[in-house]
file query.txt (compact mmCIF, C-alpha atoms and all ligand atoms)
# COMPACT_ATOMS: atom_id res chain seq x y z
CA MET A 1 8.65 162.00 5.45
CA SER A 2 11.81 161.01 7.15
CA LYS A 3 13.02 161.04 10.73
CA SER A 4 15.59 163.81 10.80
CA ASN A 5 17.18 163.01 14.19
CA ILE A 6 19.43 159.99 14.22
CA GLU A 7 18.72 159.46 17.95
CA SER A 8 15.18 158.40 17.11
CA TYR A 9 16.45 155.22 15.41
CA PRO A 10 17.13 152.12 17.48
CA PRO A 11 20.92 151.51 17.35
CA MET A 12 20.66 148.66 14.83
CA PHE A 13 18.67 150.78 12.38
CA ARG A 14 20.73 153.96 12.47
CA PRO A 15 21.67 155.19 8.99
CA SER A 16 25.44 154.84 8.52
CA SER A 17 25.88 158.41 7.27
CA ALA A 18 23.65 161.22 6.19
CA ASP A 19 25.36 162.26 2.96
CA PRO A 20 23.62 165.34 1.57
CA THR A 21 25.23 164.85 -1.85
CA ARG A 22 23.88 161.33 -2.26
CA GLN A 23 21.69 160.88 -5.31
CA PRO A 24 18.22 159.47 -4.63
CA ASP A 25 18.17 155.68 -5.01
CA LEU A 26 15.61 153.84 -7.00
CA ASN A 27 13.20 152.86 -4.32
CA ASP A 28 12.27 149.23 -3.72
CA SER A 29 8.95 149.56 -5.42
CA GLU A 30 10.85 150.11 -8.65
CA SER A 31 13.70 147.71 -8.08
CA SER A 32 12.15 144.66 -6.38
CA GLY A 33 10.72 143.14 -9.57
CA ALA A 34 7.35 142.41 -7.95
CA GLY A 35 4.33 142.91 -10.22
CA ILE A 36 1.50 145.21 -9.26
CA SER A 37 -1.87 143.61 -8.74
CA ASP A 38 -5.03 145.34 -7.64
CA LEU A 39 -6.51 143.53 -4.67
CA PRO A 40 -10.13 142.34 -4.79
CA LEU A 41 -12.24 145.30 -3.66
CA ILE A 42 -14.87 144.58 -1.01
CA ASP A 43 -17.48 147.27 -0.38
CA MET A 44 -18.65 147.10 3.25
CA MET A 45 -21.73 149.24 2.51
CA CYS A 46 -22.88 146.83 -0.13
CA LEU A 47 -21.42 143.46 0.79
CA ASP A 48 -21.13 140.88 -1.97
CA ILE A 49 -20.73 137.61 -0.05
CA GLU A 50 -19.73 135.58 -3.11
CA LYS A 51 -17.00 138.04 -3.99
CA LEU A 52 -15.79 138.02 -0.39
CA ASP A 53 -15.75 134.21 -0.33
CA LYS A 54 -13.78 134.11 -3.61
CA ALA A 55 -11.27 136.68 -2.28
CA CYS A 56 -10.74 134.55 0.86
CA ARG A 57 -10.31 131.32 -1.15
CA GLU A 58 -8.12 132.59 -3.96
CA TRP A 59 -6.24 135.55 -2.47
CA GLY A 60 -6.33 135.56 1.34
CA ILE A 61 -6.10 139.34 1.07
CA PHE A 62 -8.48 142.06 -0.08
CA ARG A 63 -9.14 145.77 0.12
CA LEU A 64 -12.06 147.18 2.11
CA GLU A 65 -13.79 150.34 0.99
CA ASN A 66 -16.67 152.15 2.67
CA HIS A 67 -15.46 150.59 5.92
CA GLY A 68 -16.92 153.33 8.12
CA VAL A 69 -13.66 154.56 9.68
CA PRO A 70 -13.41 158.26 8.76
CA THR A 71 -10.31 159.06 6.68
CA VAL A 72 -9.52 161.90 9.09
CA VAL A 73 -9.31 159.42 12.00
CA LEU A 74 -6.92 157.21 10.02
CA SER A 75 -4.70 160.15 9.11
CA GLN A 76 -4.71 161.45 12.71
CA LEU A 77 -3.61 158.01 13.89
CA GLN A 78 -0.78 158.08 11.35
CA GLU A 79 0.27 161.57 12.45
CA HIS A 80 0.26 160.64 16.15
CA ALA A 81 2.31 157.53 15.39
CA LYS A 82 4.84 159.54 13.37
CA ARG A 83 5.20 162.05 16.18
CA ILE A 84 5.91 159.26 18.68
CA PHE A 85 8.47 157.56 16.43
CA LYS A 86 10.35 160.84 15.98
CA LEU A 87 11.16 160.86 19.71
CA SER A 88 14.60 159.66 20.72
CA PHE A 89 15.09 155.92 21.13
CA GLU A 90 15.56 156.35 24.87
CA ALA A 91 12.42 158.48 25.19
CA LYS A 92 10.40 155.82 23.36
CA GLN A 93 11.81 153.10 25.61
CA SER A 94 10.91 155.03 28.73
CA LEU A 95 7.41 155.92 27.46
CA VAL A 96 6.26 152.44 28.28
CA ASN A 97 7.53 151.16 31.62
CA SER A 98 7.35 147.53 32.70
CA ASN A 99 3.90 147.97 34.28
CA CYS A 100 2.41 149.36 31.12
CA PRO A 101 0.69 146.79 28.87
CA ILE A 102 1.70 148.81 25.80
CA LYS A 103 5.13 147.66 24.64
CA TYR A 104 7.77 149.32 22.48
CA PHE A 105 9.64 146.83 20.32
CA TRP A 106 12.13 146.79 17.54
CA GLY A 107 13.53 144.02 15.39
CA THR A 108 10.58 141.65 15.26
CA PRO A 109 6.88 142.08 15.93
CA ALA A 110 6.41 138.45 17.11
CA LEU A 111 5.04 138.51 20.64
CA THR A 112 5.24 136.57 23.88
CA SER A 113 2.06 135.78 25.81
CA SER A 114 2.50 138.94 27.86
CA GLY A 115 2.60 141.01 24.69
CA ILE A 116 6.36 141.65 24.71
CA ALA A 117 8.12 141.41 21.38
CA LEU A 118 10.47 138.47 21.04
CA PRO A 119 14.09 138.75 20.04
CA ARG A 120 15.04 136.62 17.05
CA ALA A 121 17.65 133.91 17.38
CA THR A 122 20.09 136.24 15.70
CA ASN A 123 21.67 139.55 16.43
CA ASP A 124 22.77 139.92 12.86
CA ALA A 125 21.46 143.15 11.33
CA LEU A 126 20.91 141.52 7.94
CA ASN A 127 18.60 138.93 9.43
CA MET A 128 16.61 141.38 11.52
CA ASP A 129 13.16 142.62 10.69
CA TRP A 130 13.82 146.34 10.23
CA VAL A 131 10.83 147.61 12.08
CA GLU A 132 10.17 149.31 15.37
CA GLY A 133 6.75 149.62 16.86
CA LEU A 134 4.27 149.81 19.64
CA ASN A 135 2.09 146.88 20.58
CA VAL A 136 -1.24 147.65 22.22
CA PRO A 137 -2.74 144.40 23.59
CA PHE A 138 -6.39 145.38 24.12
CA SER A 139 -7.09 142.26 26.13
CA GLN A 140 -4.67 143.47 28.82
CA LEU A 141 -6.10 146.94 29.02
CA LYS A 142 -8.63 147.43 31.80
CA TYR A 143 -11.72 147.89 29.69
CA ASP A 144 -11.66 144.67 27.70
CA HIS A 145 -10.71 141.24 29.03
CA HIS A 146 -12.98 139.23 26.78
CA HIS A 147 -11.51 139.58 23.34
CA HIS A 148 -8.01 138.83 22.25
CA HIS A 149 -6.98 141.53 19.83
CA ASN A 150 -3.91 143.71 19.37
CA LEU A 151 -3.01 146.90 17.61
CA LEU A 152 0.50 147.06 16.22
CA ILE A 153 1.86 150.42 15.15
CA ASN A 154 4.85 149.81 12.89
CA ASP A 155 7.50 152.25 11.79
CA PHE A 156 9.77 151.14 8.96
CA SER A 157 13.00 153.13 8.88
CA ASN A 158 14.30 154.49 5.68
CA GLY A 159 18.03 154.39 5.07
CA GLU A 160 20.58 152.79 2.82
CA GLN A 161 20.79 149.43 4.52
CA ALA A 162 17.13 149.32 5.44
CA LYS A 163 15.57 145.91 4.92
CA GLY A 164 11.96 145.59 6.00
CA LEU A 165 9.83 142.78 7.32
CA HIS A 166 10.67 139.19 6.33
CA GLU A 167 8.06 137.11 4.55
CA HIS A 168 5.60 135.59 6.98
CA THR A 169 2.00 134.68 7.58
CA ASP A 170 0.09 136.29 10.43
CA SER A 171 -0.90 134.02 13.34
CA SER A 172 -4.21 135.87 13.66
CA ILE A 173 -7.71 135.00 12.44
CA LEU A 174 -7.52 138.14 10.38
CA SER A 175 -5.50 141.34 10.28
CA ILE A 176 -6.69 144.77 9.20
CA LEU A 177 -4.09 147.23 7.97
CA SER A 178 -4.06 150.99 7.50
CA GLU A 179 -0.98 152.32 5.74
CA ASP A 180 0.35 155.70 4.64
CA GLN A 181 1.18 156.67 1.04
CA VAL A 182 4.71 155.23 0.98
CA GLY A 183 3.91 151.61 0.03
CA GLY A 184 6.00 148.49 0.54
CA LEU A 185 3.54 145.70 1.35
CA ARG A 186 3.97 142.63 -0.89
CA PHE A 187 1.90 139.45 -1.01
CA PHE A 188 2.46 136.04 -2.54
CA LYS A 189 -0.04 134.54 -4.96
CA ASP A 190 0.31 131.98 -7.76
CA GLU A 191 4.04 131.57 -7.00
CA GLN A 192 4.78 135.28 -7.44
CA TRP A 193 5.20 138.37 -5.29
CA PHE A 194 2.88 141.30 -5.94
CA LYS A 195 2.93 144.88 -4.68
CA VAL A 196 -0.03 146.37 -2.86
CA LYS A 197 -0.70 149.90 -4.07
CA PRO A 198 -0.85 152.15 -1.02
CA ASN A 199 -4.21 153.80 -0.45
CA PRO A 200 -4.59 155.55 2.91
CA THR A 201 -8.39 155.83 2.62
CA THR A 202 -9.04 152.09 2.34
CA LEU A 203 -8.09 149.23 4.66
CA VAL A 204 -6.28 146.05 3.63
CA VAL A 205 -7.51 142.83 5.21
CA ASN A 206 -5.38 139.71 5.21
CA LEU A 207 -6.37 136.32 6.54
CA GLY A 208 -4.15 134.67 9.13
CA ASP A 209 -3.21 131.12 10.13
CA MET A 210 -6.17 130.65 12.47
CA MET A 211 -8.62 131.42 9.65
CA GLN A 212 -6.90 128.80 7.51
CA VAL A 213 -7.34 126.25 10.31
CA ILE A 214 -11.00 126.95 11.11
CA SER A 215 -11.84 126.89 7.41
CA ASP A 216 -10.09 123.51 6.94
CA ASP A 217 -7.62 125.07 4.48
CA GLU A 218 -10.41 126.52 2.31
CA TYR A 219 -9.30 130.09 3.06
CA LYS A 220 -5.67 131.13 2.70
CA SER A 221 -3.34 132.61 5.28
CA VAL A 222 -1.53 134.80 2.81
CA LYS A 223 2.26 135.05 2.79
CA HIS A 224 3.36 138.69 2.86
CA LYS A 225 6.35 140.94 3.61
CA VAL A 226 7.33 144.60 3.64
CA GLU A 227 10.04 146.02 1.39
CA LEU A 228 11.38 149.40 2.35
CA ASN A 229 11.57 152.58 0.48
CA LYS A 230 15.13 153.87 0.86
CA GLU A 231 14.03 157.50 0.81
CA LYS A 232 10.91 157.49 2.94
CA GLU A 233 10.02 156.16 6.34
CA ARG A 234 6.72 154.24 6.41
CA VAL A 235 4.10 153.83 9.11
CA SER A 236 1.48 151.09 9.15
CA ILE A 237 -1.17 150.34 11.74
CA CYS A 238 -2.32 146.73 11.99
CA TYR A 239 -5.23 145.41 13.99
CA PHE A 240 -5.00 141.66 14.69
CA VAL A 241 -7.94 139.51 15.77
CA PHE A 242 -6.96 136.31 17.61
CA PRO A 243 -8.96 133.36 18.96
CA GLU A 244 -9.62 133.07 22.68
CA GLU A 245 -6.33 131.83 24.15
CA ASN A 246 -7.43 128.57 25.80
CA THR A 247 -10.23 127.45 23.52
CA LEU A 248 -9.51 124.21 21.69
CA ILE A 249 -9.58 124.74 17.92
CA HIS A 250 -10.84 121.76 15.93
CA SER A 251 -10.27 121.14 12.25
CA SER A 252 -10.26 118.04 10.08
CA HIS A 253 -6.80 118.96 8.73
CA PHE A 254 -5.02 119.87 11.98
CA LYS A 255 -4.47 118.36 15.42
CA PRO A 256 -6.68 120.05 18.04
CA PHE A 257 -4.74 122.89 19.65
CA THR A 258 -5.31 126.11 21.54
CA TYR A 259 -4.02 129.47 20.39
CA ASN A 260 -1.69 129.40 23.41
CA ASP A 261 -0.18 126.14 22.08
CA PHE A 262 0.28 127.75 18.68
CA ARG A 263 1.95 130.87 20.08
CA ALA A 264 4.30 128.79 22.24
CA GLN A 265 5.30 126.80 19.16
CA VAL A 266 5.98 130.01 17.20
CA GLN A 267 8.22 131.24 20.01
CA LEU A 268 10.11 127.95 19.96
CA ASP A 269 10.44 128.16 16.14
CA LEU A 270 11.86 131.68 16.40
CA LYS A 271 14.34 130.62 19.06
CA THR A 272 15.50 127.47 17.34
CA HIS A 273 15.16 128.27 13.61
CA GLY A 274 15.17 132.06 13.62
CA SER A 275 11.80 132.13 11.83
CA LYS A 276 8.27 130.88 12.27
CA ILE A 277 7.38 127.46 10.87
CA GLY A 278 3.74 127.86 11.72
CA LEU A 279 0.86 125.63 10.72
CA VAL A 280 2.90 122.76 9.35
CA ASN A 281 3.73 121.87 12.97
CA PHE A 282 0.07 121.09 13.61
CA LYS A 283 -0.94 119.48 10.32
CA LEU A 284 -2.33 115.95 10.47
CA GLN A 285 -0.16 113.46 8.64
CA HIS A 286 -2.67 112.64 5.88
CA CYS A 287 -3.02 116.35 5.02
CA GLN A 288 0.69 117.16 4.75
CA ASP A 289 0.46 117.49 0.94
CA HIS A 290 -1.18 120.93 1.38
CA PHE A 291 2.26 122.17 2.33
CA ALA A 292 4.18 120.37 -0.38
O1 LIG B 301 3.15 147.05 7.44
C1 LIG B 301 2.57 146.25 6.75
O2 LIG B 301 2.12 146.53 5.64
C2 LIG B 301 2.39 144.82 7.21
C3 LIG B 301 2.91 144.56 8.58
C4 LIG B 301 2.79 143.12 8.91
O3 LIG B 301 2.75 142.28 8.06
C5 LIG B 301 2.73 142.68 10.32
O4 LIG B 301 2.90 143.52 11.23
O5 LIG B 301 2.48 141.48 10.54
FE FE B 302 1.97 140.46 8.82
call {"tool": "encode", "arguments": {"input": "query.txt", "output": "structure tokens"}}
result
Amino acid sequence: MSKSNIESYPPMFRPSSADPTRQPDLNDSESSGAGISDLPLIDMMCLDIEKLDKACREWGIFRLENHGVPTVVLSQLQEHAKRIFKLSFEAKQSLVNSNCPIKYFWGTPALTSSGIALPRATNDALNMDWVEGLNVPFSQLKYDHHHHHNLLINDFSNGEQAKGLHEHTDSSILSILSEDQVGGLRFFKDEQWFKVKPNPTTLVVNLGDMMQVISDDEYKSVKHKVELNKEKERVSICYFVFPEENTLIHSSHFKPFTYNDFRAQVQLDLKTHGSKIGLVNFKLQHCQDHFA
């Protein structure tokens, strides 16, 4: 699948030229050098708590099967998302006006407290996250003010200079991902990058920073990134679960802080360093060696 109309790309992500004689490139999954590793498989219909605990301690990422979301619903979501991203850039921008809690972003999925994506400290295409998307902050939609959770619908452009999503950890408690067949998700374990094999019928769960804090560093907020396929556009749909914004989070390894404090610090990191520093900002002095 590829977006045929150049107007659908945000200006920064527009392919330089559409050369019909160009030979297909090796895609990133062949050229990146990352090994393939099957994720721990967790069966929701027949939950093995020990296996789940081990996956959270040693991997910070696992695959869910028998999760109860019909495959047809997942593929319809993907199709709807693809149809929206094919619209022109201007049409996508005007889809969501300033009163609408759903936001269209491109360049970085990091969010402000009102759910608007933040610009990075750079306007340099090479340092951009090459992703555009829609952010649906459920907590700001009328029917649910109690939980803090977001749906992010990401579209990764294909194209010769296409980059992807920089390595990062999620700020969430956990994140649940549905992806199409294209692939590109990588995670870091035992000092190496590994590829996640795409499987549109299962969901990938990764633990975020807040899970690492509330588990006193027992569970891992896994480092991950997205490498792009130069031939095929990719859509992923991520559901993020966050703590309540003003509740104080206690841990024996971190200073007490609220999720609002954490998010404000991430925004400052992005502005001043161009990338998130994250948990190390909150670590108590005597526990700093966890980050060594
Ligand atoms: O698209 C993916 O596979 C992951 C996206 C992601 O890491 C994010 O939105 O935080
Ligand atoms: Fe992520």
call {"tool": "atom_distance", "arguments": {"input": "query.txt", "atom1": "CA of Phe262 in chain A", "atom2": "CA of Asn150 in chain A"}}
result
16.5 Å
call {"tool": "closest_residue", "arguments": {"input": "query.txt", "among": "A:Glu191, A:Asp261, A:Asp53, A:Asp180", "to": "ligand LIG 301 (chain B)", "atoms": "only C-alpha atoms and all ligand atoms"}}
result
A:Asp180
call {"tool": "closest_residue", "arguments": {"input": "query.txt", "among": "A:Ala55, A:Ile176, A:Val136, A:Ile102", "to": "ligand FE 302 (chain B)", "atoms": "only C-alpha atoms and all ligand atoms"}}
result
A:Ile176
call {"tool": "residues_near_ligand", "arguments": {"input": "query.txt", "ligand": "ligand FE 302 (chain B)", "cutoff": "7 Å", "atoms": "only C-alpha atoms and all ligand atoms", "output": "list of chain:residue names"}}
result
A:His168, A:Thr169, A:Asp170, A:His224, A:Lys225
call {"tool": "residues_near_ligand", "arguments": {"input": "query.txt", "ligand": "ligand LIG 301 (chain B)", "cutoff": "7 Å", "atoms": "only C-alpha atoms and all ligand atoms", "output": "tab-separated table (two decimals) with C-alpha atoms, in the frame of the given file"}}
result
chain	number	residue	atom	x	y	z
A	109	PRO	CA	6.88	142.08	15.93
A	152	LEU	CA	0.50	147.06	16.22
A	154	ASN	CA	4.85	149.81	12.89
A	170	ASP	CA	0.09	136.29	10.43
A	177	LEU	CA	-4.09	147.23	7.97
A	179	GLU	CA	-0.98	152.32	5.74
A	184	GLY	CA	6.00	148.49	0.54
A	185	LEU	CA	3.54	145.70	1.35
A	224	HIS	CA	3.36	138.69	2.86
A	225	LYS	CA	6.35	140.94	3.61
A	226	VAL	CA	7.33	144.60	3.64
A	236	SER	CA	1.48	151.09	9.15
A	237	ILE	CA	-1.17	150.34	11.74
A	238	CYS	CA	-2.32	146.73	11.99
call {"tool": "atom_distance", "arguments": {"input": "query.txt", "atom1": "CA of Ser75 in chain A", "atom2": "CA of Arg186 in chain A"}}
result
22.0 Å
call {"tool": "closest_residue", "arguments": {"input": "query.txt", "among": "A:Ser221, A:Thr202, A:Val213, A:Lys163", "to": "Thr71 in chain A", "atoms": "all atoms listed in the file"}}
result
A:Thr202
call {"tool": "residues_around", "arguments": {"input": "query.txt", "residues": "Ile214 in chain A", "least_positions_apart": "3", "cutoff": "12 Å", "atoms": "all atoms listed in the file", "output": "list in words"}}
result
Ser172, Ile173, Leu174, Leu207, Gly208, Asp209, Met210, Met211, Asp217, Glu218, Tyr219, Lys220, Ser221, Pro243, Leu248, Ile249, His250, Ser251, Ser252, His253, Phe254, Lys255, Pro256, Phe257, Thr258, Tyr259 and Leu279 of chain A
call {"tool": "write_last_selection", "arguments": {"input": "query.txt", "atoms": "C-alpha atoms", "output": "PDB file, in the coordinates of the input"}}
result
ATOM      1  CA  SER A 172      -4.210 135.870  13.660  1.00  0.00           C
ATOM      2  CA  ILE A 173      -7.710 135.000  12.440  1.00  0.00           C
ATOM      3  CA  LEU A 174      -7.520 138.140  10.380  1.00  0.00           C
ATOM      4  CA  LEU A 207      -6.370 136.320   6.540  1.00  0.00           C
ATOM      5  CA  GLY A 208      -4.150 134.670   9.130  1.00  0.00           C
ATOM      6  CA  ASP A 209      -3.210 131.120  10.130  1.00  0.00           C
ATOM      7  CA  MET A 210      -6.170 130.650  12.470  1.00  0.00           C
ATOM      8  CA  MET A 211      -8.620 131.420   9.650  1.00  0.00           C
ATOM      9  CA  ASP A 217      -7.620 125.070   4.480  1.00  0.00           C
ATOM     10  CA  GLU A 218     -10.410 126.520   2.310  1.00  0.00           C
ATOM     11  CA  TYR A 219      -9.300 130.090   3.060  1.00  0.00           C
ATOM     12  CA  LYS A 220      -5.670 131.130   2.700  1.00  0.00           C
ATOM     13  CA  SER A 221      -3.340 132.610   5.280  1.00  0.00           C
ATOM     14  CA  PRO A 243      -8.960 133.360  18.960  1.00  0.00           C
ATOM     15  CA  LEU A 248      -9.510 124.210  21.690  1.00  0.00           C
ATOM     16  CA  ILE A 249      -9.580 124.740  17.920  1.00  0.00           C
ATOM     17  CA  HIS A 250     -10.840 121.760  15.930  1.00  0.00           C
ATOM     18  CA  SER A 251     -10.270 121.140  12.250  1.00  0.00           C
ATOM     19  CA  SER A 252     -10.260 118.040  10.080  1.00  0.00           C
ATOM     20  CA  HIS A 253      -6.800 118.960   8.730  1.00  0.00           C
ATOM     21  CA  PHE A 254      -5.020 119.870  11.980  1.00  0.00           C
ATOM     22  CA  LYS A 255      -4.470 118.360  15.420  1.00  0.00           C
ATOM     23  CA  PRO A 256      -6.680 120.050  18.040  1.00  0.00           C
ATOM     24  CA  PHE A 257      -4.740 122.890  19.650  1.00  0.00           C
ATOM     25  CA  THR A 258      -5.310 126.110  21.540  1.00  0.00           C
ATOM     26  CA  TYR A 259      -4.020 129.470  20.390  1.00  0.00           C
ATOM     27  CA  LEU A 279       0.860 125.630  10.720  1.00  0.00           C
TER      28      LEU A 279
END
call {"tool": "closest_residue", "arguments": {"input": "query.txt", "among": "A:Met12, A:Leu203, A:Val222, A:Leu270", "to": "Leu74 in chain A", "atoms": "all atoms listed in the file"}}
result
A:Leu203
call {"tool": "atom_distance", "arguments": {"input": "query.txt", "atom1": "CA of Asn246 in chain A", "atom2": "CA of Phe138 in chain A"}}
result
16.9 Å
call {"tool": "residues_near_point", "arguments": {"input": "query.txt", "point": "(-4.1, 154.1, 16.2)", "cutoff": "8 Å", "atoms": "only C-alpha atoms", "output": "PyMOL selection string"}}
result
chain A and resi 74+77-78+80-81+151+153+237
call {"tool": "write_last_selection", "arguments": {"input": "query.txt", "atoms": "C-alpha atoms", "output": "PDB file, keeping the file's coordinate frame"}}
result
ATOM      1  CA  LEU A  74      -6.920 157.210  10.020  1.00  0.00           C
ATOM      2  CA  LEU A  77      -3.610 158.010  13.890  1.00  0.00           C
ATOM      3  CA  GLN A  78      -0.780 158.080  11.350  1.00  0.00           C
ATOM      4  CA  HIS A  80       0.260 160.640  16.150  1.00  0.00           C
ATOM      5  CA  ALA A  81       2.310 157.530  15.390  1.00  0.00           C
ATOM      6  CA  LEU A 151      -3.010 146.900  17.610  1.00  0.00           C
ATOM      7  CA  ILE A 153       1.860 150.420  15.150  1.00  0.00           C
ATOM      8  CA  ILE A 237      -1.170 150.340  11.740  1.00  0.00           C
TER       9      ILE A 237
END
call {"tool": "closest_residue", "arguments": {"input": "query.txt", "among": "A:His166, A:Lys232, A:Lys276, A:His148", "to": "Gly183 in chain A", "atoms": "all atoms listed in the file"}}
result
A:Lys232
call {"tool": "axis_aligned_box", "arguments": {"input": "query.txt", "around": "range 221-236 of chain A", "padding_each_side": "8 Å", "output": "AutoDock Vina command-line options"}}
result
--center_x 5.9 --center_y 145.1 --center_z 4.8 --size_x 34.5 --size_y 40.9 --size_z 24.7
call {"tool": "closest_residue", "arguments": {"input": "query.txt", "among": "A:Ile61, A:Arg263, A:Asp48, A:Leu41", "to": "Phe242 in chain A", "atoms": "all atoms listed in the file"}}
result
A:Arg263
